[in-house]
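Novice: Sharing protein_1.cif (mmCIF, C-alpha atoms) below.
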```cif
data_target
loop_
_atom_site.label_atom_id
_atom_site.label_comp_id
_atom_site.auth_asym_id
_atom_site.auth_seq_id
_atom_site.Cartn_x
_atom_site.Cartn_y
_atom_site.Cartn_z
CA MET A 168 137.25 -11.90 69.30
CA LYS A 169 134.27 -11.35 67.00
CA ALA A 170 131.28 -9.40 68.29
CA LEU A 171 128.11 -7.89 66.85
CA VAL A 172 128.52 -4.17 67.49
CA TYR A 173 126.15 -1.21 67.24
CA HIS A 174 127.54 1.65 65.11
CA GLY A 175 124.40 3.75 64.81
CA PRO A 176 120.79 3.50 63.64
CA ASN A 177 120.41 0.72 61.06
CA ASP A 178 124.15 0.03 61.25
CA VAL A 179 125.28 -3.13 63.05
CA GLN A 180 128.60 -4.74 62.16
CA LEU A 181 130.64 -7.81 63.05
CA ASP A 182 133.78 -6.33 64.60
CA ASP A 183 136.97 -7.49 66.24
CA LYS A 184 136.97 -6.48 69.91
CA PRO A 185 139.38 -7.17 72.78
CA HIS A 186 138.82 -10.36 74.75
CA PRO A 187 137.00 -9.44 78.00
CA THR A 188 138.95 -9.69 81.25
CA ILE A 189 138.18 -10.09 84.94
CA GLN A 190 137.61 -6.61 86.40
CA ASN A 191 136.19 -7.47 89.82
CA PRO A 192 136.61 -10.47 92.16
CA ASP A 193 133.05 -11.67 91.47
CA ASP A 194 133.36 -11.51 87.66
CA ALA A 195 133.41 -14.49 85.33
CA ILE A 196 134.30 -14.80 81.65
CA LEU A 197 131.87 -16.80 79.53
CA ARG A 198 132.60 -18.47 76.21
CA VAL A 199 129.32 -18.06 74.35
CA THR A 200 128.01 -21.24 72.75
CA THR A 201 124.53 -20.11 71.68
CA THR A 202 122.75 -16.78 71.50
CA ALA A 203 119.33 -15.65 70.32
CA LEU A 204 117.85 -12.57 68.72
CA CYS A 205 115.05 -10.71 70.49
CA GLY A 206 112.38 -8.52 68.96
CA SER A 207 113.57 -5.73 71.23
CA ASP A 208 116.96 -5.87 69.48
CA LEU A 209 115.17 -4.22 66.55
CA HIS A 210 114.44 -1.19 68.72
CA LEU A 211 118.17 -0.87 69.35
CA TYR A 212 118.99 -1.46 65.68
CA HIS A 213 116.60 1.28 64.60
CA GLY A 214 118.06 3.70 67.16
CA THR A 215 114.80 4.27 69.01
CA VAL A 216 116.09 3.46 72.50
CA ALA A 217 117.70 6.25 74.52
CA GLY A 218 121.29 5.70 75.58
CA MET A 219 122.38 3.36 72.81
CA GLU A 220 125.90 4.42 71.87
CA PRO A 221 128.23 3.19 69.11
CA GLY A 222 130.61 0.47 70.23
CA GLN A 223 128.24 -1.55 72.40
CA THR A 224 127.99 -5.28 71.76
CA LEU A 225 124.39 -6.43 71.37
CA GLY A 226 122.70 -9.50 72.82
CA HIS A 227 120.78 -10.28 76.01
CA GLU A 228 119.70 -13.90 75.39
CA PHE A 229 122.71 -16.18 75.52
CA MET A 230 124.44 -19.07 77.25
CA GLY A 231 127.82 -20.72 77.28
CA VAL A 232 130.68 -22.22 79.26
CA ILE A 233 132.54 -20.53 82.12
CA GLU A 234 136.14 -19.99 81.00
CA GLU A 235 137.53 -17.96 83.91
CA ILE A 236 136.35 -16.82 87.34
CA GLY A 237 137.35 -14.12 89.79
CA SER A 238 138.67 -14.88 93.26
CA ALA A 239 135.29 -14.32 94.95
CA VAL A 240 133.20 -16.50 92.63
CA GLN A 241 131.87 -19.60 94.40
CA GLU A 242 128.58 -20.50 92.71
CA VAL A 243 130.09 -21.52 89.37
CA LYS A 244 133.39 -23.02 88.32
CA VAL A 245 135.42 -23.19 85.14
CA GLY A 246 133.77 -25.61 82.74
CA ASP A 247 130.19 -25.09 83.97
CA LYS A 248 127.59 -24.53 81.26
CA VAL A 249 125.19 -21.77 82.28
CA VAL A 250 122.25 -19.80 80.93
CA ILE A 251 122.66 -16.07 81.48
CA PRO A 252 119.57 -14.02 82.41
CA PHE A 253 118.88 -10.71 80.68
CA ASN A 254 119.07 -8.69 83.89
CA ILE A 255 122.17 -8.16 85.97
CA ASN A 256 121.75 -8.18 89.74
CA CYS A 257 124.10 -8.18 92.71
CA GLY A 258 122.09 -10.58 94.88
CA ARG A 259 122.78 -8.61 98.06
CA CYS A 260 121.00 -5.24 97.93
CA TRP A 261 117.55 -4.58 99.41
CA TYR A 262 115.84 -5.15 96.05
CA CYS A 263 117.61 -8.44 95.40
CA MET A 264 116.94 -9.68 98.93
CA HIS A 265 113.24 -9.02 98.29
CA GLU A 266 113.42 -10.81 94.90
CA LEU A 267 112.98 -7.59 92.93
CA TRP A 268 115.92 -8.54 90.77
CA THR A 269 115.38 -6.08 87.92
CA GLN A 270 115.43 -3.17 90.37
CA CYS A 271 118.89 -3.98 91.74
CA ASP A 272 120.46 -0.64 92.66
CA ARG A 273 124.08 -1.87 92.64
CA SER A 274 124.29 -3.41 89.17
CA ASN A 275 124.05 -0.22 87.14
CA PRO A 276 126.91 2.23 87.65
CA LYS A 277 125.29 4.73 85.26
CA GLY A 278 121.83 5.20 86.72
CA GLU A 279 119.07 4.18 89.09
CA LEU A 280 117.61 1.44 86.90
CA GLY A 281 118.92 -2.11 87.15
CA GLY A 282 121.63 -3.31 84.79
CA SER A 283 121.15 -5.46 81.69
CA PHE A 284 123.34 -7.05 79.06
CA GLY A 285 123.70 -5.37 75.68
CA TYR A 286 120.99 -2.80 76.25
CA THR A 287 122.16 0.82 76.26
CA GLN A 288 124.11 3.02 78.61
CA VAL A 289 120.90 3.66 80.53
CA LEU A 290 121.00 0.05 81.74
CA GLY A 291 124.69 0.08 82.55
CA GLY A 292 126.43 -0.06 79.20
CA TYR A 293 127.33 -3.72 79.60
CA ASP A 294 128.42 -5.56 76.48
CA GLY A 295 126.03 -8.29 75.43
CA GLY A 296 126.35 -11.90 74.42
CA GLN A 297 126.26 -11.73 70.62
CA ALA A 298 129.98 -12.28 70.76
CA GLU A 299 132.48 -15.07 71.26
CA TYR A 300 133.13 -14.08 74.89
CA VAL A 301 131.44 -11.85 77.45
CA ARG A 302 132.22 -10.64 80.97
CA ILE A 303 129.62 -11.70 83.55
CA PRO A 304 129.54 -9.36 86.57
CA PHE A 305 128.15 -10.59 89.90
CA ALA A 306 128.67 -14.14 88.67
CA ASN A 307 127.60 -15.69 91.97
CA THR A 308 124.09 -14.42 91.23
CA VAL A 309 123.80 -13.80 87.51
CA ALA A 310 125.42 -17.03 86.31
CA ALA A 311 123.63 -19.33 88.74
CA LEU A 312 121.43 -21.02 86.10
CA LYS A 313 123.65 -24.05 85.65
CA VAL A 314 122.65 -26.51 82.93
CA PRO A 315 122.40 -30.14 84.12
CA ASP A 316 124.78 -32.55 82.44
CA LYS A 317 121.90 -34.62 81.07
CA ILE A 318 120.80 -31.69 78.86
CA LYS A 319 122.97 -31.79 75.77
CA ALA A 320 121.31 -29.34 73.35
CA ASP A 321 121.56 -25.63 74.07
CA GLU A 322 118.19 -25.09 72.42
CA GLN A 323 116.52 -26.98 75.27
CA VAL A 324 117.43 -24.28 77.79
CA LEU A 325 118.45 -21.15 75.88
CA PHE A 326 115.00 -19.58 76.16
CA LEU A 327 115.33 -19.48 79.96
CA SER A 328 117.55 -16.44 79.45
CA ASP A 329 114.64 -14.11 78.73
CA ILE A 330 111.80 -15.09 76.45
CA LEU A 331 110.22 -17.99 78.34
CA PRO A 332 110.26 -16.11 81.67
CA THR A 333 108.68 -13.13 79.90
CA GLY A 334 105.81 -15.27 78.65
CA TYR A 335 105.39 -16.89 82.05
CA PHE A 336 105.43 -13.48 83.73
CA GLY A 337 102.46 -12.50 81.58
CA ALA A 338 100.51 -15.54 82.72
CA ASP A 339 101.58 -14.91 86.31
CA ILE A 340 100.52 -11.27 86.55
CA ALA A 341 97.27 -12.15 84.76
CA ASN A 342 96.79 -14.59 87.64
CA VAL A 343 95.87 -17.49 85.37
CA GLN A 344 94.24 -20.20 87.47
CA PRO A 345 93.18 -23.82 86.80
CA GLY A 346 90.07 -23.92 84.64
CA ASP A 347 90.46 -20.39 83.28
CA ASP A 348 89.86 -19.30 79.70
CA VAL A 349 92.76 -17.19 78.48
CA ALA A 350 93.25 -14.98 75.44
CA VAL A 351 96.76 -14.14 74.28
CA PHE A 352 97.04 -11.36 71.73
CA GLY A 353 100.10 -11.82 69.56
CA ALA A 354 101.46 -15.18 68.40
CA GLY A 355 105.13 -14.28 68.33
CA PRO A 356 107.76 -15.97 70.49
CA VAL A 357 106.62 -14.30 73.74
CA GLY A 358 103.01 -15.08 72.88
CA TYR A 359 104.00 -18.69 72.23
CA PHE A 360 105.47 -19.05 75.70
CA ALA A 361 102.58 -17.13 77.25
CA VAL A 362 100.22 -19.75 75.79
CA MET A 363 102.46 -22.55 77.02
CA SER A 364 102.69 -20.99 80.48
CA SER A 365 98.93 -20.55 80.70
CA PHE A 366 98.47 -24.25 80.08
CA LEU A 367 101.18 -25.02 82.63
CA ARG A 368 99.21 -22.99 85.19
CA GLY A 369 96.09 -25.04 84.46
CA ALA A 370 94.14 -22.99 81.92
CA ALA A 371 91.25 -24.92 80.39
CA ARG A 372 91.35 -23.10 77.05
CA VAL A 373 93.74 -20.61 75.53
CA PHE A 374 92.88 -18.44 72.53
CA SER A 375 95.77 -17.18 70.42
CA ILE A 376 94.96 -14.11 68.32
CA ASP A 377 97.14 -12.94 65.42
CA HIS A 378 97.09 -12.82 61.62
CA TRP A 379 100.28 -14.67 60.65
CA PRO A 380 99.27 -18.24 59.69
CA MET A 381 102.74 -19.67 60.33
CA ARG A 382 102.79 -18.37 63.89
CA LEU A 383 99.21 -19.38 64.60
CA ASN A 384 99.78 -22.90 63.30
CA LYS A 385 102.84 -23.26 65.52
CA ILE A 386 100.83 -22.26 68.58
CA LYS A 387 97.98 -24.53 67.55
CA ASP A 388 100.37 -27.43 68.20
CA LEU A 389 100.31 -26.44 71.89
CA GLY A 390 96.57 -27.05 71.97
CA ALA A 391 95.48 -23.43 71.69
CA GLN A 392 92.40 -22.30 69.80
CA ILE A 393 93.67 -19.93 67.12
CA ILE A 394 91.90 -16.84 65.81
CA ASN A 395 93.08 -15.04 62.67
CA PHE A 396 91.73 -11.51 63.04
CA ASP A 397 91.95 -11.00 59.26
CA ASN A 398 89.32 -13.69 58.84
CA GLU A 399 87.02 -13.26 61.83
CA ASP A 400 86.21 -10.90 64.68
CA PRO A 401 88.09 -12.07 67.80
CA VAL A 402 85.57 -10.37 70.06
CA GLU A 403 82.60 -12.23 68.63
CA ARG A 404 84.48 -15.52 68.54
CA ILE A 405 85.61 -15.30 72.17
CA ARG A 406 82.23 -14.08 73.37
CA LYS A 407 80.64 -17.07 71.69
CA GLU A 408 83.17 -19.54 73.07
CA THR A 409 83.02 -18.20 76.66
CA LYS A 410 79.26 -17.62 76.63
CA GLY A 411 79.79 -14.27 78.30
CA LYS A 412 80.95 -15.72 81.58
CA GLY A 413 83.83 -14.81 83.84
CA ARG A 414 85.93 -11.77 84.66
CA GLN A 415 88.80 -10.01 82.97
CA TYR A 416 92.46 -9.43 83.73
CA ALA A 417 94.54 -7.41 81.29
CA LEU A 418 98.24 -6.97 80.63
CA GLU A 419 99.26 -4.95 77.63
CA GLN A 420 102.62 -4.74 75.88
CA ASN A 421 102.67 -2.36 72.91
CA GLN A 422 99.53 -3.70 71.29
CA ALA A 423 97.01 -0.96 70.50
CA GLN A 424 94.68 -3.28 68.64
CA GLY A 425 94.65 -5.62 71.60
CA THR A 426 93.63 -2.71 73.82
CA GLU A 427 90.56 -1.99 71.73
CA ILE A 428 89.56 -5.65 71.72
CA ALA A 429 90.09 -5.78 75.48
CA LYS A 430 87.69 -2.87 75.96
CA ARG A 431 85.07 -4.61 73.84
CA LEU A 432 85.57 -7.84 75.77
CA ASP A 433 85.08 -6.33 79.21
CA ARG A 434 83.69 -8.97 81.60
CA PHE A 435 83.68 -11.60 78.87
CA LEU A 436 86.92 -13.34 79.76
CA VAL A 437 88.10 -15.13 82.83
CA SER A 438 91.67 -14.10 82.08
CA LEU A 439 92.99 -11.81 79.40
CA PHE A 440 96.50 -10.64 78.78
CA ILE A 441 98.03 -9.06 75.73
CA VAL A 442 101.57 -9.78 74.61
CA ARG A 443 103.50 -9.50 71.39
#
```
Mind turning this structure into structure tokens?
Specialist:
Amino acid sequence: MKALVYHGPNDVQLDDKPHPTIQNPDDAILRVTTTALCGSDLHLYHGTVAGMEPGQTLGHEFMGVIEEIGSAVQEVKVGDKVVIPFNINCGRCWYCMHELWTQCDRSNPKGELGGSFGYTQVLGGYDGGQAEYVRIPFANTVAALKVPDKIKADEQVLFLSDILPTGYFGADIANVQPGDDVAVFGAGPVGYFAVMSSFLRGAARVFSIDHWPMRLNKIKDLGAQIINFDNEDPVERIRKETKGKGRQYALEQNQAQGTEIAKRLDRFLVSLFIVR
């Protein structure tokens, strides 16, 4: 089968690899129908993530059709279309039973962190989904996001694998409440879904701050108020719009500029979180 394989920093190639096989009773084999690229794939490509070794198939945002199942798999059957989450979890350990899925201590045979698809030996060394086929361990838990028959286009559900939940998680830990004003720093894909999620949680206004017009205009379609920091000072704009009211929550993800703006906006936002 064809797979996108890491060979070293700045060296990714489309290789022929063996078709994956059932290794454990709760494994499944997935025929990949659609996969996505993630910004964090660039970190792997550039060789800046510890534990990335040549030979690993990339990809942690993918979906497809179950082609084969192990003897212990009950939650999915051959022919089911499923979305595969980024993280791998057993569903039975203490962490999983307490819904701390990413901390699963049984899914990573190579360390204490939880396992993930296509993301270094540190997270288990599992091959990812930028391939024609992929082995799904713990399929009773991992592959449980079955796609309803009425949904025909993969693009309608693919983002449930990672990026939409990441954006929603930002809104969740910022504790966005109905009527809040929210500022999202970064208008990339995660920022897009963070804006969407803030509105879903009842935000009255959402400010999207970036300097790429194409991204800002896309987010404007969601109803957000956009701020291009090349053209105006986000701090002054948001202070003016919020009239200095409210309190501040902050979540930061690799955004130094957002940190400085957050400091200057102290106490001037009802909710603030920073995402790329």
Novice: Just the residues within 8 Å of segment 243-254 of chain A, please, counting only C-alpha atoms, with nothing from its chain fewer than 2 positions along; format it as a PyMOL selection string.
Specialist: chain A and resi 227-236+240-241+256+268-269+281-284+306-307+309-314+324-325+327-329
Novice: Which of these, A:Thr215, A:Asn342, A:Thr409, A:Asn398, has the shortest distance to Phe374 of chain A once you count only C-alpha atoms?
Specialist: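 The shortest atom-to-atom distance to Phe374 of chain A comes from A:Thr409.
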Novice: Apply the PyMOL selection byres ((chain A and resi 189) around 10) to the structure shown and report the selected residues as a list in words.
Specialist: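 Applied to this file, the PyMOL selection byres ((chain A and resi 189) around 10) returns Pro187, Thr188, Gln190, Asn191, Pro192, Asp193, Asp194, Ala195, Ile196, Glu235, Ile236, Gly237, Ser238, Arg302, Ile303 and Pro304 of chain A.
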Novice: For atom CA of Lys184 of chain A and atom CA of Glu279 of chain A, determine how far apart the two atoms are, in Å to one decimal place.
Specialist: 28.3 Å
Novice: Rounded to one decimal in Å, what is the spacing between atom CA of Ile318 of chain A and atom CA of Met363 of chain A?
Specialist: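 So the two atoms, atom CA of Ile318 of chain A and atom CA of Met363 of chain A, lie 20.6 Å apart.
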Novice: Mind giving me the straight-line distance from atom CA of Phe352 of chain A to atom CA of Thr202 of chain A in Å, one decimal?
Specialist: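 Distance between the two atoms: 26.3 Å.
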Novice: Between A:Leu267, A:Leu209, A:Leu225, A:Val343, which is the closest to Gly295 of chain A once you count only C-alpha atoms?
Specialist: A:Leu225
Novice: Please list, as a PDB file with C-alpha atoms, keeping the file's coordinate frame, the residues that have an atom at most 7 Å away from (96.4, -17.6, 66.8) in the coordinates of this file, counting all atoms listed in the file.
Specialist:
```pdb
ATOM      1  CA  ALA A 354     101.460 -15.180  68.400  1.00  0.00           C
ATOM      2  CA  PHE A 374      92.880 -18.440  72.530  1.00  0.00           C
ATOM      3  CA  SER A 375      95.770 -17.180  70.420  1.00  0.00           C
ATOM      4  CA  ILE A 376      94.960 -14.110  68.320  1.00  0.00           C
ATOM      5  CA  ASP A 377      97.140 -12.940  65.420  1.00  0.00           C
ATOM      6  CA  LEU A 383      99.210 -19.380  64.600  1.00  0.00           C
ATOM      7  CA  ILE A 386     100.830 -22.260  68.580  1.00  0.00           C
ATOM      8  CA  GLN A 392      92.400 -22.300  69.800  1.00  0.00           C
ATOM      9  CA  ILE A 393      93.670 -19.930  67.120  1.00  0.00           C
ATOM     10  CA  ILE A 394      91.900 -16.840  65.810  1.00  0.00           C
ATOM     11  CA  ASN A 395      93.080 -15.040  62.670  1.00  0.00           C
TER      12      ASN A 395
END
```
Novice: Within 10 Å of Leu389 of chain A, counting all atoms listed in the file, which residues show up once you throw out same-chain ones fewer than 6 positions away? Write them as a list of chain:residue names, please.
Specialist: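 Counting all atoms listed in the file, the residues come to A:Tyr359, A:Phe360, A:Val362, A:Met363, A:Phe366, A:Val373.
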Novice: Could you work out an axis-aligned bounding box for all listed atoms of segment 257-275 of chain A, with 5 Å added on each of the six sides, and give its centre and edge lengths in Å to one decimal, as JSON?
Specialist:
```
{"center_x": 118.6, "center_y": -5.5, "center_z": 93.3, "size_x": 21.3, "size_y": 20.6, "size_z": 22.3}
```
Novice: Using all atoms listed in the file, pick whichever of A:Glu403, A:Glu220, A:Asp178, A:Asp208 has the shortest atom-to-atom distance to Gly291 of chain A.
Specialist: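 Using all atoms listed in the file, Gly291 of chain A sits closest to A:Glu220.
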Novice: Have a look at A:Lys387, A:Val349, A:Tyr293, A:Thr308 and name the one nearest to Met264 of chain A; count only C-alpha atoms.
Specialist: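 Of A:Lys387, A:Val349, A:Tyr293, A:Thr308, the one nearest Met264 of chain A is A:Thr308, counting only C-alpha atoms.
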Novice: Looking at A:Arg198, A:His265, A:His186, A:Met219, which one is nearest to His174 of chain A, with distances taken over only C-alpha atoms?
Specialist: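 Smallest distance to His174 of chain A is found for A:Met219.
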Novice: For Asp348 of chain A, which residue among A:Ile405, A:Ala361, A:Leu280, A:Ile330 is the nearest when counting all atoms listed in the file?
Specialist: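 Under the stated criterion, the closest residue is A:Ile405.
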